[in-house]
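Take a look at the structure set out below.
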Amino acid sequence: MEFLKNIRDVFVPKRCLHCFAIIPKHQIFLCTPCFLELELTDFLHYRNNPLEKLFLGQVEIEFATAIYFYRKDSPIQTLLKNLKYQGLQSFGLFAANNLINNLKTTHYFKNVDLVTIVPLHPKKEKKRGYNQMELFGKTIANSLQKPFYKDLLLKESHTISQTSKGKESRYKSVKNSFATNSTYLLHKKHILLIDDVATTGATLLACCRTLKQTFHANISIITIACVV
């Protein structure tokens, strides 16, 4: 069996997901040069960071952080696309574990009561087969020793991709898209809301407003990446 695996590696070598360079079979996701292009934000360690400022004057949040800076046509975009559309949930786990190591150095999430994620519309999730943020969210919740509520938020309307829209168009498209699950009674809890990437912040803003309207919640935010 090992011999057959070695033959396979010769004829079908493992490749970097971004630049397609051949990489050692023990290496994950990217070649070394592409890994070095992943830019960490360090937002976890200071208030009024660029992600928090997306929400200033829009909705009150407790704290917000992202792991990576998002750049178009970059390795992080490739990884997020593979996470979202190709089932690369191992990257979600990888990103969560990287964040967990740093969560121990900050106090901002110590008062969180529960963790939830931005939902997909049921039709989209059924077609895709998973919500790309579920494993990431569960891993963060476990590290904080807090409950994970996958279905706290519900996506009621099926919107088209937001990637080509501007900030105003995105918000108009999603502002009435979300509802809360009526089976949960979570008055004035501190909710950690998780998503893959924050660009204009429109989706997260809509989710925050829905949670605040229903539960009068305090909200903190974590994303894998953000555009600033």
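Naming scheme: A, B, ... for chains in displayed order of the structure tokens; residues 1 onward per chain; ligands 1 onward as shown.
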(request) Please identify all polymer residues within 7 Å of segment 44-59 of chain A, counting only C-alpha atoms, omitting same-chain residues fewer than 6 positions from it, and present them as a ChimeraX atom specification. (result) /A:65,106,201,209,228
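Summary of the local environment: counting only C-alpha atoms, residues at most 8 Å from Ile140 of chain A, other than itself and those fewer than 3 positions away along its chain, are Ala96, Ile100, Val115, Phe136, Gly137, Ser143 and Leu144 of chain A.
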(request) Using backbone DSSP assignments, extract all helix (DSSP H, G or I) residues from segment 59-106 of chain A; output them as a VMD selection string. (result) chain A and resid 75 to 85 89 to 103
(request) Find the residue from A:Gln27, A:Thr116, A:Gln86, A:Thr32 that sits nearest to Ile219 of chain A; use only C-alpha atoms when measuring. (result) A:Thr116
(message) Given only C-alpha atoms as the basis, pick out the residue of A:Asn111, A:Thr78, A:Ser90, A:Thr183 nearest to Ile28 of chain A.
(response) A:Ser90
(request) Could you pull out the residues in segment 25-127 of chain A that DSSP calls strand (DSSP E or B) from the backbone, as a PyMOL selection string? (result) chain A and resi 40+63-69+114-117
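Between Glu39 of chain A and the candidates A:Cys19, A:Ile67, A:Leu205, A:Val227, the tightest atom-to-atom separation, counting only C-alpha atoms, involves A:Ile67.
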(message) Please determine, counting only C-alpha atoms, which residue among A:Leu99, A:Ala64, A:Lys127, A:Ser74 has the shortest atom-to-atom distance to Ile221 of chain A.
(response) A:Ala64
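Taking atom CA of His190 of chain A and atom CA of Phe109 of chain A as the two end points, the separation is 9.2 Å.
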(request) Could you give me, as a VMD selection string, the residues within 9 Å of segment 192-197 of chain A, counting only C-alpha atoms and dropping anything in the same chain fewer than 4 positions from it? (result) chain A and resid 66 70 80 84 92 109 112 to 119 132 to 133 136 to 137 141 201 204 207 to 208 218 to 227
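Nearest residue to Glu156 of chain A among A:Thr180, A:Thr139, A:Phe29, A:His121 is A:His121, counting only C-alpha atoms.
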Quick one: residues within 10 Å of Pro122 of chain A, only C-alpha atoms counted, chain neighbours fewer than 4 positions away excluded, as a PDB file with C-alpha atoms, in the first residue's frame?
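File written: out.pdb
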```
ATOM      1  CA  LYS A 126     -28.526  21.675   1.570  1.00  0.00           C
ATOM      2  CA  LYS A 127     -26.899  22.162  -1.808  1.00  0.00           C
ATOM      3  CA  ARG A 128     -23.456  22.761  -0.324  1.00  0.00           C
ATOM      4  CA  GLY A 129     -23.858  20.077   2.322  1.00  0.00           C
ATOM      5  CA  TYR A 130     -22.472  22.102   5.210  1.00  0.00           C
ATOM      6  CA  ASN A 131     -22.032  25.575   6.696  1.00  0.00           C
ATOM      7  CA  LEU A 154     -31.984  31.884  10.579  1.00  0.00           C
ATOM      8  CA  LYS A 155     -31.520  33.017   6.979  1.00  0.00           C
ATOM      9  CA  GLU A 156     -35.041  33.615   5.700  1.00  0.00           C
ATOM     10  CA  SER A 157     -34.412  34.996   2.227  1.00  0.00           C
ATOM     11  CA  HIS A 158     -32.165  33.495  -0.415  1.00  0.00           C
TER      12      HIS A 158
END
```
(request) Would you mind reading off the distance between atom CA of Cys34 of chain A and atom CA of Leu79 of chain A, one decimal, in Å? (result) 10.8 Å
